[in-house]
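Student: work-v9.txt is reproduced below (compact mmCIF, C-alpha atoms).
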```txt
# COMPACT_ATOMS: atom_id res chain seq x y z
CA ALA A 441 -52.19 54.14 -21.86
CA ALA A 442 -55.66 52.62 -21.87
CA ASP A 443 -58.96 53.17 -23.70
CA ALA A 444 -61.95 51.18 -24.85
CA SER A 445 -59.82 49.26 -27.35
CA GLY A 446 -57.39 48.01 -24.68
CA TRP A 447 -54.20 49.10 -23.03
CA THR A 448 -50.50 49.53 -23.92
CA PHE A 449 -47.46 49.63 -21.69
CA ASN A 450 -44.01 50.83 -22.82
CA ALA A 451 -41.05 51.28 -20.51
CA VAL A 452 -37.28 51.21 -20.12
CA ALA A 453 -35.84 48.97 -17.41
CA ARG A 454 -32.58 49.64 -15.60
CA ASP A 455 -30.75 47.67 -12.86
CA ALA A 456 -33.40 44.95 -12.90
CA ALA A 457 -32.70 41.94 -10.67
CA MET A 458 -34.40 38.68 -9.76
CA THR A 459 -33.66 35.42 -8.00
CA LEU A 460 -34.01 32.09 -9.84
CA PRO A 461 -34.64 29.62 -6.98
CA LEU A 462 -34.86 26.42 -9.02
CA ALA A 463 -31.48 27.11 -10.63
CA THR A 464 -29.93 28.51 -7.42
CA SER A 465 -28.86 31.54 -9.46
CA ARG A 466 -29.44 35.28 -9.62
CA LEU A 467 -30.03 37.59 -12.55
CA ASP A 468 -29.01 41.21 -12.07
CA LYS A 469 -27.73 44.33 -13.87
CA GLY A 470 -30.67 43.87 -16.21
CA ALA A 471 -31.58 46.55 -18.72
CA GLY A 472 -33.95 46.66 -21.70
CA ARG A 473 -37.04 47.94 -23.42
CA ILE A 474 -40.51 46.66 -22.53
CA ALA A 475 -43.55 46.79 -24.80
CA PHE A 476 -46.85 45.06 -23.93
CA LYS A 477 -50.48 45.50 -24.95
CA GLY A 478 -53.73 43.73 -24.24
CA LYS A 479 -57.41 43.73 -23.64
CA GLY A 480 -58.76 42.22 -20.48
CA SER A 481 -56.87 39.05 -19.58
CA ASP A 482 -55.54 38.62 -23.11
CA PHE A 483 -52.22 40.36 -23.37
CA GLY A 484 -48.77 39.91 -24.90
CA GLY A 485 -45.65 41.75 -25.89
CA SER A 486 -41.89 41.69 -25.89
CA ILE A 487 -38.79 42.54 -23.87
CA ALA A 488 -35.56 43.49 -25.61
CA VAL A 489 -32.84 42.72 -23.07
CA THR A 490 -29.82 44.91 -23.75
CA ALA A 491 -27.83 43.82 -20.69
CA ALA A 492 -28.00 41.14 -17.96
CA ARG A 493 -25.68 39.16 -15.71
CA LEU A 494 -26.26 35.60 -14.44
CA THR A 495 -24.38 34.53 -11.30
CA ASP A 496 -24.23 31.22 -9.45
CA LYS A 497 -25.56 31.18 -5.89
CA ALA A 498 -24.91 27.51 -5.07
CA PRO A 499 -22.70 26.85 -1.98
CA ALA A 500 -20.11 25.19 -4.22
CA SER A 501 -19.71 27.40 -7.27
CA ARG A 502 -20.57 25.69 -10.56
CA PHE A 503 -20.07 28.44 -13.14
CA ASN A 504 -18.58 31.90 -13.38
CA PRO A 505 -20.73 34.98 -14.09
CA LEU A 506 -22.15 35.22 -17.61
CA ALA A 507 -23.36 38.25 -19.54
CA GLY A 508 -26.27 38.05 -21.93
CA ILE A 509 -28.47 39.96 -24.35
CA GLY A 510 -31.56 38.78 -26.18
CA ASP A 511 -35.27 39.02 -26.85
CA ILE A 512 -38.29 37.67 -24.96
CA THR A 513 -41.85 37.50 -26.27
CA LEU A 514 -45.19 36.62 -24.64
CA ALA A 515 -48.13 35.37 -26.66
CA SER A 516 -51.12 33.15 -25.74
CA GLY A 517 -49.70 32.65 -22.25
CA ILE A 518 -46.36 31.27 -23.47
CA TRP A 519 -43.04 33.02 -22.97
CA ARG A 520 -40.36 32.48 -25.61
CA GLY A 521 -36.85 33.83 -25.59
CA ARG A 522 -33.42 33.67 -27.17
CA PHE A 523 -30.23 34.89 -25.53
CA THR A 524 -26.60 35.15 -26.56
CA ALA A 525 -24.27 34.36 -23.64
CA SER A 526 -20.79 35.80 -23.37
CA GLN A 527 -17.87 36.30 -21.05
CA PRO A 528 -17.83 39.55 -19.07
CA ASP A 529 -15.09 40.69 -21.48
CA GLY A 530 -17.42 40.19 -24.45
CA VAL A 531 -16.22 36.81 -25.83
CA THR A 532 -19.31 35.02 -27.18
CA LEU A 533 -19.82 31.52 -25.77
CA GLY A 534 -23.15 30.35 -27.19
CA THR A 535 -26.91 30.75 -27.21
CA ALA A 536 -29.85 29.75 -25.05
CA THR A 537 -33.46 29.50 -26.17
CA PHE A 538 -36.40 28.85 -23.87
CA THR A 539 -40.15 28.50 -23.58
CA HIS A 540 -42.29 28.81 -20.44
CA THR A 541 -46.01 28.12 -20.17
CA MET A 542 -47.70 30.30 -17.56
CA ASP A 543 -50.70 28.02 -16.93
CA THR A 544 -48.59 24.97 -16.00
CA GLY A 545 -45.44 26.67 -14.72
CA SER A 546 -43.37 24.36 -16.93
CA GLY A 547 -40.73 25.13 -19.48
CA GLU A 548 -37.59 24.14 -21.30
CA ALA A 549 -34.29 25.78 -22.18
CA LYS A 550 -31.87 24.66 -24.90
CA ILE A 551 -28.23 25.65 -24.52
CA ALA A 552 -25.82 25.48 -27.45
CA ALA A 553 -22.12 26.33 -27.50
CA PRO A 554 -21.13 24.87 -30.89
CA ARG A 555 -17.51 25.99 -30.83
CA LEU A 556 -15.58 26.93 -27.71
CA GLN A 557 -12.13 27.89 -28.94
CA PHE A 558 -9.48 27.68 -26.20
CA ALA A 559 -6.10 29.36 -26.59
CA PRO A 560 -3.32 30.61 -24.28
CA ASP A 561 -3.94 34.15 -23.01
CA LYS A 562 -7.53 33.93 -24.35
CA LEU A 563 -10.45 31.70 -23.38
CA GLN A 564 -9.52 29.06 -20.77
CA PRO A 565 -11.72 26.40 -19.10
CA ALA A 566 -11.29 27.95 -15.65
CA MET A 567 -12.96 31.11 -16.99
CA LEU A 568 -16.14 29.08 -17.50
CA SER A 569 -16.24 27.16 -14.23
CA PRO A 570 -14.16 26.82 -11.04
CA LEU A 571 -14.62 23.05 -11.48
CA LEU A 572 -12.31 23.27 -14.52
CA GLY A 573 -9.52 25.01 -12.61
CA PRO A 574 -7.04 22.09 -12.96
CA VAL A 575 -7.21 22.34 -16.78
CA LYS A 576 -4.42 24.82 -17.50
CA GLN A 577 -3.02 26.33 -20.71
CA ALA A 578 -5.70 24.71 -22.87
CA GLN A 579 -5.59 24.92 -26.64
CA GLY A 580 -8.19 23.36 -28.90
CA THR A 581 -11.95 23.18 -29.28
CA ALA A 582 -14.96 21.87 -27.39
CA ARG A 583 -18.69 21.73 -28.03
CA PHE A 584 -21.54 21.77 -25.54
CA ASP A 585 -25.25 21.08 -25.92
CA GLY A 586 -27.63 21.02 -22.98
CA THR A 587 -31.29 20.91 -22.07
CA VAL A 588 -32.91 22.20 -18.87
CA THR A 589 -36.58 21.43 -18.14
CA TRP A 590 -38.65 22.57 -15.19
CA THR A 591 -42.05 22.35 -13.56
CA ARG A 592 -43.40 23.83 -10.36
CA ALA A 593 -42.10 20.71 -8.60
CA GLY A 594 -38.47 20.95 -9.65
CA ILE A 595 -35.80 21.12 -12.34
CA ASP A 596 -34.11 18.51 -14.54
CA SER A 597 -31.20 18.81 -16.97
CA ASN A 598 -28.82 16.90 -19.23
CA GLY A 599 -26.25 17.58 -21.90
CA THR A 600 -23.23 16.52 -23.94
CA LEU A 601 -19.69 17.87 -23.82
CA ALA A 602 -17.56 16.99 -26.86
CA ILE A 603 -13.81 17.63 -26.75
CA ASP A 604 -11.82 17.56 -29.99
CA LYS A 605 -8.00 17.44 -30.10
CA LEU A 606 -7.57 19.55 -26.97
CA ASP A 607 -4.09 20.16 -25.53
CA PHE A 608 -3.64 21.22 -21.90
CA LEU A 609 -1.10 21.13 -19.10
CA THR A 610 -1.24 18.32 -16.52
CA PRO A 611 0.99 17.62 -13.47
CA LEU A 612 2.93 15.17 -15.68
CA GLY A 613 3.32 17.48 -18.69
CA THR A 614 1.29 18.61 -21.68
CA ALA A 615 -1.56 16.30 -22.71
CA HIS A 616 -1.98 16.22 -26.48
CA ALA A 617 -5.03 15.58 -28.66
CA VAL A 618 -7.57 14.85 -25.95
CA ASP A 619 -10.80 13.43 -27.38
CA ALA A 620 -13.99 12.77 -25.44
CA ASN A 621 -17.76 12.75 -25.81
CA ILE A 622 -19.09 13.09 -22.26
CA ALA A 623 -22.76 12.47 -21.47
CA LEU A 624 -24.02 14.61 -18.57
CA THR A 625 -27.10 13.32 -16.78
CA SER A 626 -27.35 16.59 -14.84
CA LEU A 627 -26.09 20.12 -15.41
CA LEU A 628 -27.25 21.62 -12.12
CA PRO A 629 -25.25 20.16 -10.44
CA PRO A 630 -22.89 18.59 -13.04
CA ARG A 631 -23.04 14.80 -13.10
CA THR A 632 -22.00 12.30 -15.77
CA ALA A 633 -23.32 8.91 -16.75
CA PRO A 634 -21.06 5.95 -15.84
CA GLY A 635 -18.32 4.82 -18.19
CA GLN A 636 -17.36 8.07 -19.89
CA HIS A 637 -14.44 7.37 -22.23
CA ILE A 638 -11.55 9.83 -22.64
CA VAL A 639 -8.59 9.27 -24.97
CA ILE A 640 -5.30 11.18 -24.81
CA SER A 641 -2.82 10.69 -27.64
CA ARG A 642 0.26 11.56 -25.59
CA ILE A 643 1.38 13.15 -22.31
CA ASP A 644 4.83 14.74 -22.32
CA TRP A 645 6.50 13.42 -19.18
CA THR A 646 10.15 12.51 -18.69
CA LEU A 647 8.98 9.20 -20.16
CA PRO A 648 6.07 10.00 -22.49
CA PHE A 649 2.70 8.35 -21.89
CA THR A 650 1.08 7.24 -25.15
CA GLY A 651 -2.42 6.08 -25.96
CA VAL A 652 -3.88 7.06 -22.58
CA ALA A 653 -7.45 5.80 -22.14
CA LEU A 654 -9.72 6.58 -19.17
CA ASP A 655 -13.19 5.36 -18.25
CA LEU A 656 -14.70 7.48 -15.48
CA SER A 657 -17.75 9.16 -14.02
CA PHE A 658 -18.14 12.40 -12.10
CA SER A 659 -20.55 13.89 -9.59
CA PRO A 660 -20.28 16.69 -7.02
CA GLU A 661 -19.56 14.02 -4.42
CA VAL A 662 -17.12 11.64 -6.10
CA VAL A 663 -14.95 10.97 -9.13
CA ARG A 664 -14.87 7.29 -10.06
CA ILE A 665 -12.06 6.05 -12.27
CA GLU A 666 -13.39 2.77 -13.61
CA ALA A 667 -10.32 1.92 -15.69
CA ALA A 668 -7.17 3.63 -16.94
CA LYS A 669 -4.39 2.42 -19.20
CA THR A 670 -1.38 3.95 -20.93
CA GLY A 671 1.72 2.94 -22.84
CA ILE A 672 5.04 3.83 -21.20
CA ALA A 673 8.68 2.69 -21.50
CA GLU A 674 7.89 0.09 -24.20
CA GLY A 675 5.24 -1.47 -21.95
CA SER A 676 1.96 -0.49 -20.36
CA ALA A 677 0.61 0.68 -17.01
CA SER A 678 -3.00 0.39 -15.90
CA LEU A 679 -5.13 1.31 -12.90
CA GLY A 680 -7.99 -0.66 -11.46
CA ALA A 681 -11.17 0.98 -10.23
CA LEU A 682 -10.78 3.68 -7.57
CA THR A 683 -12.97 6.39 -6.06
CA VAL A 684 -11.98 9.94 -5.13
CA ASN A 685 -14.34 11.47 -2.56
CA LEU A 686 -14.77 15.21 -3.14
CA THR A 687 -16.80 15.99 -0.03
CA GLY A 688 -13.98 15.55 2.49
CA PRO A 689 -10.54 14.04 3.08
CA ARG A 690 -10.84 10.29 2.58
CA GLN A 691 -8.19 7.71 1.86
CA ILE A 692 -7.94 6.65 -1.79
CA ASN A 693 -6.93 3.03 -2.38
CA GLY A 694 -5.87 1.59 -5.70
CA ALA A 695 -3.32 -0.54 -7.53
CA ALA A 696 -1.16 0.02 -10.60
CA ARG A 697 -0.45 -2.91 -12.90
CA LEU A 698 2.80 -2.72 -14.86
CA GLU A 699 3.32 -4.90 -17.93
CA GLY A 700 6.61 -5.25 -19.82
CA ILE A 701 8.16 -1.99 -18.58
CA ALA A 702 11.64 -1.55 -20.07
CA LEU A 703 14.32 -0.71 -17.49
CA ALA A 704 16.71 1.08 -19.86
CA PRO A 705 14.52 4.16 -20.56
CA LEU A 706 13.61 4.41 -16.87
CA VAL A 707 17.26 4.88 -15.94
CA THR A 708 18.09 7.03 -18.95
CA ALA A 709 15.44 9.51 -17.81
CA THR A 710 17.24 10.08 -14.48
CA ASN A 711 20.42 11.96 -13.65
CA LEU A 712 22.14 8.59 -13.13
CA GLY A 713 21.75 7.53 -16.74
CA SER A 714 25.49 7.89 -17.42
CA LYS A 715 26.45 5.68 -14.46
CA ILE A 716 23.75 3.00 -14.43
CA ARG A 717 22.76 0.77 -17.33
CA LEU A 718 19.88 -1.68 -17.13
CA GLU A 719 18.54 -4.01 -19.78
CA GLY A 720 15.39 -6.08 -19.45
CA LYS A 721 11.70 -5.67 -18.72
CA VAL A 722 9.62 -6.03 -15.56
CA THR A 723 6.00 -6.76 -14.75
CA GLY A 724 4.26 -6.36 -11.43
CA ASN A 725 1.60 -4.90 -9.18
CA ILE A 726 1.93 -1.74 -7.04
CA PRO A 727 -0.89 -1.30 -4.46
CA PHE A 728 -1.08 2.27 -3.14
CA ALA A 729 -3.04 4.53 -0.83
CA VAL A 730 -3.35 8.32 -0.81
CA GLY A 731 -4.45 9.89 2.48
CA PRO A 732 -3.55 12.48 5.10
CA GLU A 733 -0.07 10.97 5.39
CA GLY A 734 0.56 11.27 1.66
CA PHE A 735 1.22 8.67 -1.04
CA ARG A 736 2.05 5.24 0.37
CA ILE A 737 2.87 1.88 -1.28
CA THR A 738 2.35 -1.44 0.50
CA ASN A 739 3.50 -4.85 -0.73
CA GLY A 740 4.41 -3.73 -4.23
CA ARG A 741 6.06 -6.48 -6.25
CA LEU A 742 7.95 -6.51 -9.53
CA ALA A 743 9.61 -9.36 -11.43
CA SER A 744 11.66 -9.50 -14.61
CA ASP A 745 10.04 -10.88 -17.75
CA GLY A 746 13.27 -12.69 -18.63
CA PRO A 747 17.07 -12.33 -18.61
CA GLY A 748 18.71 -8.91 -18.56
CA ARG A 749 21.81 -7.00 -17.56
CA ILE A 750 22.86 -4.58 -14.81
CA SER A 751 25.91 -2.36 -14.94
CA LEU A 752 26.60 0.05 -12.06
CA GLU A 753 29.72 2.20 -12.23
CA ARG A 754 31.68 2.11 -9.01
CA SER A 755 31.37 5.89 -8.60
CA VAL A 756 27.67 5.39 -7.84
CA TRP A 757 28.64 4.11 -4.38
CA GLY A 758 30.81 7.12 -3.50
CA GLU A 759 33.96 7.02 -1.36
CA ALA A 760 33.11 3.63 0.16
CA ALA A 761 33.85 1.91 -3.13
CA LEU A 762 37.32 3.46 -3.35
CA THR A 763 38.48 2.12 0.03
CA ALA A 764 36.91 -1.34 -0.19
CA ASN A 765 38.82 -4.46 0.83
CA SER A 766 39.06 -7.48 -1.47
CA VAL A 767 35.80 -9.08 -0.33
CA GLN A 768 33.87 -5.81 -0.71
CA ASP A 769 35.59 -5.22 -4.04
CA LEU A 770 34.20 -8.53 -5.35
CA ALA A 771 30.68 -7.31 -4.55
CA TYR A 772 31.27 -4.06 -6.44
CA GLN A 773 32.62 -6.03 -9.40
CA ALA A 774 29.54 -8.24 -9.37
CA LEU A 775 27.37 -5.17 -9.90
CA GLU A 776 29.58 -3.67 -12.61
CA TYR A 777 28.89 -6.46 -15.13
CA LEU A 778 25.97 -8.62 -14.06
CA ALA A 779 23.90 -10.73 -16.43
CA PHE A 780 20.79 -11.76 -14.51
CA ASP A 781 18.47 -14.66 -15.14
CA SER A 782 15.85 -13.37 -12.71
CA LEU A 783 15.22 -10.10 -10.90
CA SER A 784 12.48 -9.29 -8.43
CA ALA A 785 11.78 -6.31 -6.21
CA GLU A 786 9.62 -5.63 -3.17
CA VAL A 787 8.43 -2.02 -2.87
CA ASN A 788 7.12 -0.54 0.39
CA SER A 789 6.74 2.85 1.99
CA VAL A 790 8.60 3.03 5.29
CA ALA A 791 9.02 5.60 8.09
CA ALA A 792 9.84 9.26 7.45
CA GLY A 793 8.28 9.25 3.99
CA ARG A 794 10.89 6.97 2.45
CA LEU A 795 10.34 4.33 -0.22
CA GLN A 796 12.18 1.05 0.31
CA ILE A 797 13.02 -1.18 -2.66
CA VAL A 798 14.57 -4.58 -1.92
CA PHE A 799 15.99 -6.28 -5.03
CA HIS A 800 16.63 -10.03 -5.33
CA ILE A 801 18.90 -10.81 -8.28
CA LYS A 802 20.21 -14.13 -9.55
CA GLY A 803 22.70 -14.31 -12.39
CA ARG A 804 26.38 -14.41 -13.16
CA SER A 805 29.38 -12.15 -13.64
CA ASP A 806 29.71 -11.29 -17.33
CA PRO A 807 32.48 -8.69 -17.97
CA PRO A 808 33.15 -7.59 -21.57
CA LYS A 809 36.43 -9.54 -21.60
CA PRO A 810 36.86 -12.98 -20.02
CA GLN A 811 38.71 -12.82 -16.71
CA GLN A 812 39.76 -15.14 -13.94
CA ALA A 813 40.96 -14.70 -10.39
CA GLU A 814 44.73 -14.73 -9.90
CA ILE A 815 46.23 -14.93 -6.40
CA GLN A 816 49.96 -14.88 -5.64
CA PHE A 817 51.06 -17.68 -3.34
CA GLY A 818 53.38 -15.22 -1.59
CA ASP A 819 50.44 -12.95 -0.75
CA ILE A 820 48.80 -15.86 1.00
CA LEU A 821 51.90 -16.53 3.06
CA ASN A 822 52.50 -12.94 4.10
CA GLY A 823 48.79 -12.24 4.81
CA THR A 824 48.30 -9.49 2.24
CA VAL A 825 46.01 -11.42 -0.10
CA MET A 826 42.91 -9.60 1.18
CA GLN A 827 44.51 -6.21 0.71
CA LYS A 828 44.83 -6.47 -3.07
CA PRO A 829 42.14 -6.45 -5.76
CA ILE A 830 41.09 -9.85 -7.05
CA ALA A 831 39.36 -10.14 -10.42
CA LEU A 832 35.90 -11.71 -10.21
CA PRO A 833 35.99 -14.67 -12.64
CA SER A 834 33.69 -14.61 -15.63
CA GLY A 835 30.61 -16.75 -15.08
CA THR A 836 30.77 -16.58 -11.28
CA PRO A 837 27.20 -17.29 -9.99
CA ILE A 838 25.68 -14.30 -8.21
CA ASP A 839 22.77 -14.39 -5.76
CA LEU A 840 22.33 -10.81 -4.57
CA THR A 841 19.96 -8.98 -2.23
CA LEU A 842 20.18 -5.19 -2.57
CA ASP A 843 18.30 -3.01 -0.09
CA THR A 844 17.82 0.59 -1.24
CA SER A 845 15.61 3.49 -0.20
CA LEU A 846 14.86 7.03 -1.31
CA ASN A 847 13.10 10.03 0.18
CA PHE A 848 9.87 9.59 -1.76
CA ASP A 849 7.89 12.34 0.02
CA GLU A 850 10.59 14.88 -0.75
CA LEU A 851 10.64 13.73 -4.36
CA LEU A 852 6.86 14.23 -4.66
CA LYS A 853 7.12 17.65 -2.99
CA SER A 854 9.82 18.76 -5.42
CA TYR A 855 7.73 17.54 -8.32
CA ALA A 856 4.67 19.45 -7.08
CA GLU A 857 6.76 22.62 -6.80
CA ALA A 858 8.05 22.13 -10.34
CA TRP A 859 4.42 21.73 -11.51
CA SER A 860 3.40 24.97 -9.80
CA LYS A 861 6.27 26.86 -11.41
CA SER A 862 5.39 25.45 -14.83
CA LEU A 863 1.94 27.06 -14.61
CA GLY A 864 3.57 30.47 -14.56
CA ALA A 865 5.86 29.72 -17.49
CA PRO A 866 5.09 31.49 -20.77
```
For this file, produce the structure as C-alpha cells.

Tutor:
Amino acid sequence: AADASGWTFNAVARDAAMTLPLATSRLDKGAGRIAFKGKGSDFGGSIAVTAARLTDKAPASRFNPLAGIGDITLASGIWRGRFTASQPDGVTLGTATFTHTMDTGSGEAKIAAPRLQFAPDKLQPAMLSPLLGPVKQAQGTARFDGTVTWTRAGIDSNGTLAIDKLDFLTPLGTAHAVDANIALTSLLPPRTAPGQHIVISRIDWTLPFTGVALDLSFSPEVVRIEAAKTGIAEGSASLGALTVNLTGPRQINGAARLEGIALAPLVTATNLGSKIRLEGKVTGNIPFAVGPEGFRITNGRLASDGPGRISLERSVWGEAALTANSVQDLAYQALEYLAFDSLSAEVNSVAAGRLQIVFHIKGRSDPPKPQQAEIQFGDILNGTVMQKPIALPSGTPIDLTLDTSLNFDELLKSYAEAWSKSLGAP
C-alpha cells in the first residue's frame, strides 16, 4: 500500500532460498513474515524467520545442515539479526547475531554455543561436522565462540573451542577427561593457531596411557603434531614433531622415544603372561614411517636401564623343547632362569609385513635353587652323555643373541577390526 505519507509492504514468505557466496553456503527452506515501510529512500522494517536451513557447499564438507529461526530488522541502512541454530531434529546448539551495513557492504556475525552437551545416543560431534567423524561415543561438554567479519572484498573469521572433561572412544580405548582450549584463526575453513595444547587424563588401552599431552595445529591441508607425551608401563613415551598431509597419500615419518618402560606389565598384558616373566626397564628410540605399504620401523633400538630377569617356560618353544639334546637343553635352561646385566634389542620391519626383534642379552644363570652340572663317568665312556639332561650350573655366564619375529601387519589389521567392532558395541 502507498499514499502521500509513504508506503507499507507486508507479506508471507515460503520456500525462500539464496546463495551465500562468501561463505560457500546456501540458505533454503526459508519461511517467515515480512513487514517494511518507508518514504522515498528512507525505509526499514523487520523479517520474522520461522524456518530456514543452512547447508555447506564447499567441496570438502565443513559442517552438517543447520536449522534456524530468528528475527531480522533494518533501520538507517543497517541490518541486524539474531538467530537460534539447532539440529534438524530440534536440539538447540547456540545463537548467532549479526549486523550488516548496506552502504559499505561490511558486517559481522557473532556465534555462541555456550554449552554443547554430548551423550551416547544423543548429540555427537559427527552430527556437527564430518571433520569430527573420528570422535565416537562422546560424553561431556564443549563451548564454542566465534566471530565472522566480511567486506565486499572477502571474509575473515576466528573463534575458540573449549573442551571440558570430555570422554570419547579412540582406536586405543576410551579417552577420559579431555581438556583443551583451542584457538581457531579461521572458521571457514577451520584452521588453528600453532601450539594448541590438549590434555587427556587417561586412555584405557591394554596398558593404560596416563597424563597424555599433545601440542598440535590443524588446517584443511595438514595436521602437525608438534609434541606428544604420555605415561605408560611405569615409564613414558613421547613423539617428536611429525606432519600428516590431508590432501593426498604421503608418507609420515616420525620417531617414538621410550623412557623407563617396565617389561613386566608389557608381558602381563599379552596372552603369554603366564609363561613369560620379565623384570627390568628399557629405554630407546623407535623411528617409524607410515605410507602406502603400512606401518614400518627402521633401526629401532632399545636398551635396559639396568639389571633384570627373564624367565621363559619351556612350553613357549613348543615340541622342539621336548625333544632337545643336551646342548639344546642347556640353551632352554639358560632362558628359564636368566639374570641379565644388560639387554638390548634391534627392531626392524622386514619382508611380508613382519617385525624382527633381535635381542642381545648378557647375564648369568640364576635358578631359584643352587645347582651344578653332574656327569657320570660311565656316560662319557659309553657315549650317552649327550643324550641325558645336564643341569646348567648356577652363575654360568650367558651371552645370548635371540632372533624373533612376528606378523606385525596382521596384528595391526586385527586391531583395526577390533576397533571397528567396538564402535558398534552398546

Student: Applying 9 Å and only C-alpha atoms, which residues near stretch 774-776 of chain A remain after dropping the ones on its own chain fewer than 4 positions away? List them as an MDAnalysis selection string.

Tutor: chainID A and resid 750:754 769:770 804:807 832 836 838

Student: One decimal, in Å: what's the spacing between atom CA of A:Thr632 and atom CA of A:Asp619?

Tutor: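 Separation of atom CA of A:Thr632 and atom CA of A:Asp619: 16.2 Å.
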
Student: Quick one: residues within 10 Å of stretch 457-462 of chain A, all atoms listed in the file counted, chain neighbours fewer than 2 positions away excluded, as a ChimeraX atom specification?

Tutor: /A:454-455,464-471,492-497,590-596,628

Student: What's the separation between atom CA of A:Ile797 and atom CA of A:Ala729, in Å to one decimal place?

Tutor: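 Separation between atom CA of A:Ile797 and atom CA of A:Ala729: 17.1 Å.
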
Student: Using all atoms listed in the file for the distances, tell me which of A:Thr738, A:Pro629, A:Val652, A:Ala792 is nearest to A:Ala498.

Tutor: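 Among A:Thr738, A:Pro629, A:Val652, A:Ala792, it is A:Pro629 that comes nearest to A:Ala498.
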
Student: Check the smallest atom-to-atom distance from each of A:Thr708, A:Thr448, A:Ser659, A:Thr581 to A:Asn685 using all atoms listed in the file, then report the winner.

Tutor: A:Ser659

Student: Can you work out the spacing between atom CA of A:Pro705 and atom CA of A:Asp607 in Å, to one decimal?

Tutor: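 A separation of 25.0 Å between them.
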
Student: Check the smallest atom-to-atom distance from each of A:Lys477, A:Arg522, A:Arg664, A:His637 to A:Ala623 using all atoms listed in the file, then report the winner.

Tutor: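 Nearest candidate to A:Ala623 out of A:Lys477, A:Arg522, A:Arg664, A:His637: A:His637.
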
Student: Between A:Phe848, A:Thr537, A:Gln812, A:Asp839, single out the one closest to A:Arg794, counting all atoms listed in the file.

Tutor: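 Checking each of A:Phe848, A:Thr537, A:Gln812, A:Asp839 against A:Arg794, counting all atoms listed in the file, the winner is A:Phe848.
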
Student: If we count only C-alpha atoms, what is near A:Leu563 at a cut-off of 12 Å, once residues fewer than 4 positions away on the same chain are taken out, given as a list in words?

Tutor: Ser526, Gln527, Pro528, Asp529, Gly530, Val531, Thr532, Leu533, Arg555, Leu556, Gln557, Phe558, Ala559, Met567, Leu568, Ser569, Val575, Lys576, Gln577, Ala578, Gln579, Gly580, Thr581 and Ala582 of chain A

Student: At a cut-off of 12 Å, using only C-alpha atoms, what residues contact A:Pro570? Leave out same-chain residues fewer than 2 positions from it and give the result as a PDB file with C-alpha atoms, in the frame of the given file.

Tutor:
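Written file, result_17.pdb:
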```pdb
ATOM      1  CA  ASP A 496     -24.230  31.220  -9.450  1.00  0.00           C
ATOM      2  CA  ALA A 500     -20.110  25.190  -4.220  1.00  0.00           C
ATOM      3  CA  SER A 501     -19.710  27.400  -7.270  1.00  0.00           C
ATOM      4  CA  ARG A 502     -20.570  25.690 -10.560  1.00  0.00           C
ATOM      5  CA  PHE A 503     -20.070  28.440 -13.140  1.00  0.00           C
ATOM      6  CA  ASN A 504     -18.580  31.900 -13.380  1.00  0.00           C
ATOM      7  CA  PRO A 505     -20.730  34.980 -14.090  1.00  0.00           C
ATOM      8  CA  GLN A 564      -9.520  29.060 -20.770  1.00  0.00           C
ATOM      9  CA  PRO A 565     -11.720  26.400 -19.100  1.00  0.00           C
ATOM     10  CA  ALA A 566     -11.290  27.950 -15.650  1.00  0.00           C
ATOM     11  CA  MET A 567     -12.960  31.110 -16.990  1.00  0.00           C
ATOM     12  CA  LEU A 568     -16.140  29.080 -17.500  1.00  0.00           C
ATOM     13  CA  LEU A 572     -12.310  23.270 -14.520  1.00  0.00           C
ATOM     14  CA  GLY A 573      -9.520  25.010 -12.610  1.00  0.00           C
ATOM     15  CA  PRO A 574      -7.040  22.090 -12.960  1.00  0.00           C
ATOM     16  CA  VAL A 575      -7.210  22.340 -16.780  1.00  0.00           C
ATOM     17  CA  LYS A 576      -4.420  24.820 -17.500  1.00  0.00           C
TER      18      LYS A 576
END
```

Student: Find the spatial neighbours of A:Glu719, counting all atoms listed in the file, within a cut-off of 6 Å - ignore same-chain residues fewer than 5 positions away - and output them as a ChimeraX atom specification.

Tutor: /A:703-704,748-749

Student: Point out the residue among A:Ile643, A:Leu706, A:Leu624, A:Ile551 with the least atom-to-atom distance to A:Thr610, counting only C-alpha atoms.

Tutor: A:Ile643

Student: Taking (-20.1, 15.0, -23.5) in the coordinates of the supplied file, I want to know which residues reach to within 9 Å of it, counting all atoms listed in the file; could you give the answer as number ranges by chain?

Tutor: A: 583-585, 599-603, 620-624, 632, 636
